[in-house]
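See structure below.
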There are 2 protein chains.
Amino acid sequence: MRTLTAKGAATRQRIIEGTAAEIRESGVLDLTLDDVSARTRTSRSQLFHYFPGGKDELLLAVARLEADRVLADQQPQLGELTSWRSWREWRDKVVGRYRDQGSHCPLNVVMSQLSRTTPGAQAVVAQLIERWEAELAAGVRHMQGTGEIDPALDAGRAAAALLAGVQGGVAILLATGQIGYLEAALDSGLQSLRAGPGR
Amino acid sequence: MRTLTAKGAATRQRIIEGTAAEIRESGVLDLTLDDVSARTRTSRSQLFHYFPGGKDELLLAVARLEADRVLADQQPQLGELTSWRSWREWRDKVVGRYRDQGSHCPLNVVMSQLSRTTPGAQAVVAQLIERWEAELAAGVRHMQGTGEIDPALDAGRAAAALLAGVQGGVAILLATGQIGYLEAALDSGLQSLRAGPGR
DNA sequence: GGCAGAATGGACCAGCAAGTCCAGAAAAAG
DNA sequence: CTTTTTCTGGACTTGCTGGTCCATTCTGCC
């Protein structure tokens, strides 16, 4: 694929997004290239034309798309956690989004389904976690700058704990359908930020 | 399978445990019945003799085994969280176990791999979460009884938050290889127990 | 307008894995 | 001891899925 015409680029994009949607709806386990063909109105050969590496390469492209979407879905709040109010708005946005989406969410797709497919996809996941944590940690540090969070708190560790809670909360939501774990994890994590490091 | 002789029961058990081991090592994605046959020294027809429902039924049996093992691996500490010392021992056991096991752990198998296969497996996961949370909540309530944890704390919610942190910490560990998230989640969660509900 | 390269269609291939079948060995039952 | 049931072996079938191939049609460019 040395050069892509405008039409070609559009087709390629249509394939990626259609595949992502299909996976969100039906999972990656029994996703076939025929499914992708049907949904995206493309022939067999186009799939291999745009993704010479076959299914793996396509899934990797989907993983990148979905990883970006996970963070984008939390904006603008995630990017400016500069007051307790924005923290709360972020918390509500996360809870609301996952409650509504059920299992049809990009995070689930990336973390649980795609990450086991290829090493490349695993790298995408690792990068997602890293970026996510960095944004949370930046928010904590900003609040420490304004004195609203105890400066003695380890911002990195607090962000890590909070992120783990979100991940686990979503995982449990997907497994059991109960939103309470995610809420509890978020509320407890935010409470810790307020409380400071000591007892 | 109306009746099983002693020999038959032993074979059946061998199949389940061999399959579980195989999945822990190589994942469920490309597990074939031939793999199971080879590892457990059983023929094709035995698999269907003992599990008429085929692969799904076998995987469900494995899910039950592994779910039990997840909790058993945390005993005896998980069952008697009656002092800060036992909480700490439990915390260290969890961290140590997952650090050592890497991705070859029953929790990963059950949560990430088997839960997507059948509705039955999903029920097994839901039950695992429920039992796990109940044990944690019981520990919190006991500590409230002895006055070591603020009685105003919502034990159920605290247990839910802690469990979400563990789940997420393990998920991130599997995705990135970093143990820090699990540690941060556990330490932060235990800190919250010590601090009490208010600020 | 014509040519090189890109885009598309769809038939075809090869391999693999779940599940079936039946015959025969082992074990329980009487 | 024989009869009935369970247990075991392995060949076979069937369906599907990723991937290949080549012919045809567009598209952009000189």
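Residue numbering restarts at 1 in every chain; chains get A, B, ... in the order shown in the structure tokens, and ligands count up from 1 in that same order.
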
Could you pull the residues within 8 Å of range 11-26 of chain C, counting only C-alpha atoms (C1' of nucleotides), minus those fewer than 4 positions along the same chain, as a PyMOL selection string? (chain B and resi 32-33+54) or (chain D and resi 7-8+13+20)

Got a sec: who's within 12 Å of Ser26 in chain A, counting only C-alpha atoms (C1' of nucleotides), leaving out chain neighbours fewer than 6 positions off, as a PyMOL selection string? (chain A and resi 19-20+32+35-36+103-105+108-109+113) or (chain B and resi 116)

Can I get the residues of chain B within 9 Å of chain A, each with the closest pair of atoms and their distance in Å to one decimal, using only C-alpha atoms, sorted chain first then ascending number, as a tab-separated table?
```
residue	atom	partner	partner_atom	distance
B:Gly27	CA	A:Arg116	CA	8.8
B:Leu29	CA	A:Leu29	CA	8.3
B:Met111	CA	A:Ala175	CA	7.7
B:Ser112	CA	A:Ser112	CA	5.8
B:Gln113	CA	A:Ser112	CA	8.0
B:Ser115	CA	A:Ala175	CA	7.3
B:Arg116	CA	A:Leu29	CA	8.3
B:Thr117	CA	A:Leu29	CA	8.5
B:Gln122	CA	A:Ala175	CA	6.4
B:Ala123	CA	A:Thr176	CA	7.9
B:Val125	CA	A:Ala175	CA	6.6
B:Ala126	CA	A:Thr176	CA	5.1
B:Gln127	CA	A:Thr176	CA	8.7
B:Ile129	CA	A:Ile172	CA	7.7
B:Arg157	CA	A:Ala184	CA	5.7
B:Ala158	CA	A:Ala184	CA	7.0
B:Ala159	CA	A:Ala184	CA	8.7
B:Ala160	CA	A:Tyr181	CA	5.2
B:Ala161	CA	A:Ala185	CA	4.0
B:Leu162	CA	A:Ala185	CA	7.1
B:Leu163	CA	A:Gly168	CA	7.6
B:Ala164	CA	A:Gly168	CA	4.3
B:Gly165	CA	A:Gly165	CA	4.1
B:Val166	CA	A:Gly168	CA	6.9
B:Gln167	CA	A:Gly168	CA	4.5
B:Gly168	CA	A:Gly168	CA	3.6
B:Gly169	CA	A:Ala164	CA	4.9
B:Val170	CA	A:Ala164	CA	8.3
B:Ala171	CA	A:Gly168	CA	7.4
B:Ile172	CA	A:Ala164	CA	7.2
B:Ala175	CA	A:Ala126	CA	6.3
B:Thr176	CA	A:Ala126	CA	5.1
B:Gly177	CA	A:Ala126	CA	8.8
B:Gly180	CA	A:Ala160	CA	7.6
B:Tyr181	CA	A:Ala160	CA	5.2
B:Leu182	CA	A:Ala164	CA	7.0
B:Glu183	CA	A:Ala161	CA	8.0
B:Ala184	CA	A:Ala161	CA	4.8
B:Ala185	CA	A:Ala161	CA	4.0
B:Leu186	CA	A:Ala161	CA	7.7
B:Asp187	CA	A:Ala161	CA	8.3
B:Ser188	CA	A:Ala161	CA	6.5
B:Gly189	CA	A:Ser188	CA	7.8
B:Gln191	CA	A:Arg199	CA	7.3
B:Ser192	CA	A:Ser192	CA	6.5
B:Arg194	CA	A:Arg199	CA	6.9
B:Ala195	CA	A:Arg199	CA	5.4
B:Pro197	CA	A:Gln191	CA	8.4
B:Gly198	CA	A:Gln191	CA	8.4
B:Arg199	CA	A:Ala195	CA	5.4
```

May I have a table of the residues of chain A lying at most 12 Å from chain D, giving each one's closest pair of atoms and their distance in Å to one decimal, counting only C-alpha atoms (C1' of nucleotides), ordered by chain and ascending residue number, as a tab-separated table?
```
residue	atom	partner	partner_atom	distance
A:Thr3	CA	D:DG28	C1'	11.7
A:Leu4	CA	D:DT27	C1'	11.0
A:Thr5	CA	D:DT27	C1'	8.2
A:Ala6	CA	D:DT27	C1'	9.9
A:Lys7	CA	D:DT27	C1'	9.1
A:Gly8	CA	D:DT27	C1'	10.4
A:Asp30	CA	D:DT17	C1'	10.4
A:Leu31	CA	D:DT17	C1'	10.1
A:Thr32	CA	D:DT17	C1'	7.1
A:Leu33	CA	D:DG18	C1'	7.8
A:Asp34	CA	D:DT17	C1'	8.6
A:Asp35	CA	D:DT17	C1'	11.0
A:Arg44	CA	D:DG19	C1'	9.5
A:Ser45	CA	D:DT20	C1'	9.1
A:Leu47	CA	D:DG19	C1'	10.6
A:Phe48	CA	D:DG19	C1'	8.5
A:His49	CA	D:DT20	C1'	11.7
A:Phe51	CA	D:DG19	C1'	11.9
A:Pro52	CA	D:DG19	C1'	10.2
A:Gly53	CA	D:DG19	C1'	10.1
A:Gly54	CA	D:DG19	C1'	7.9
A:Lys55	CA	D:DG18	C1'	8.0
A:Asp56	CA	D:DG18	C1'	10.7
```

So which bits of range 30-122 of chain A end up alpha helix (DSSP H) when you DSSP the backbone, as a PyMOL selection string? chain A and resi 33-40+44-50+55-72+84-101+106-108+119-122

For the interface of chain C with chain A (cut-off 12 Å, counting only C-alpha atoms (C1' of nucleotides)), please tabulate each contacting residue of chain C alongside its nearest pair of atoms and their separation in Å to one decimal, rows sorted by chain and increasing number, as CSV.
```
residue,atom,partner,partner_atom,distance
C:DG5,C1',A:Thr3,CA,9.4
C:DA6,C1',A:Thr5,CA,7.5
C:DA7,C1',A:Gly8,CA,7.0
C:DT8,C1',A:Gln46,CA,6.9
C:DG9,C1',A:Ser43,CA,6.3
C:DG10,C1',A:Ser43,CA,7.7
C:DA11,C1',A:Arg44,CA,10.8
```

Output for the residues just chosen: C-alpha atoms (C1' of nucleotides) as a PDB file, in the first residue's frame:
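The resulting file, selection-v2.pdb, is reproduced below:
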```pdb
ATOM      1  C1'  DG C   5      -1.202   1.996 -10.868  1.00  0.00           C
ATOM      2  C1'  DA C   6      -4.894   1.592  -7.572  1.00  0.00           C
ATOM      3  C1'  DA C   7      -9.490  -0.412  -6.363  1.00  0.00           C
ATOM      4  C1'  DT C   8     -12.843  -4.046  -6.617  1.00  0.00           C
ATOM      5  C1'  DG C   9     -15.278  -8.579  -7.279  1.00  0.00           C
ATOM      6  C1'  DG C  10     -15.675 -13.165  -6.423  1.00  0.00           C
ATOM      7  C1'  DA C  11     -14.282 -17.807  -7.266  1.00  0.00           C
TER       8       DA C  11
END
```

Which residues of range 106-154 of chain A come within 10 Å of range 69-75 of chain A, and for each one, what is the closest pair of atoms and their distance in Å to one decimal, counting only C-alpha atoms, sorted by chain and residue number, as JSON lines?
```
{"residue": "A:Pro106", "atom": "CA", "partner": "A:Val70", "partner_atom": "CA", "distance": 6.1}
{"residue": "A:Leu107", "atom": "CA", "partner": "A:Val70", "partner_atom": "CA", "distance": 5.9}
{"residue": "A:Asn108", "atom": "CA", "partner": "A:Val70", "partner_atom": "CA", "distance": 9.6}
{"residue": "A:Val110", "atom": "CA", "partner": "A:Val70", "partner_atom": "CA", "distance": 9.1}
{"residue": "A:Leu128", "atom": "CA", "partner": "A:Leu71", "partner_atom": "CA", "distance": 8.1}
{"residue": "A:Ile129", "atom": "CA", "partner": "A:Leu71", "partner_atom": "CA", "distance": 9.9}
{"residue": "A:Arg131", "atom": "CA", "partner": "A:Leu71", "partner_atom": "CA", "distance": 8.5}
{"residue": "A:Trp132", "atom": "CA", "partner": "A:Leu71", "partner_atom": "CA", "distance": 7.1}
{"residue": "A:Glu135", "atom": "CA", "partner": "A:Leu71", "partner_atom": "CA", "distance": 9.6}
```
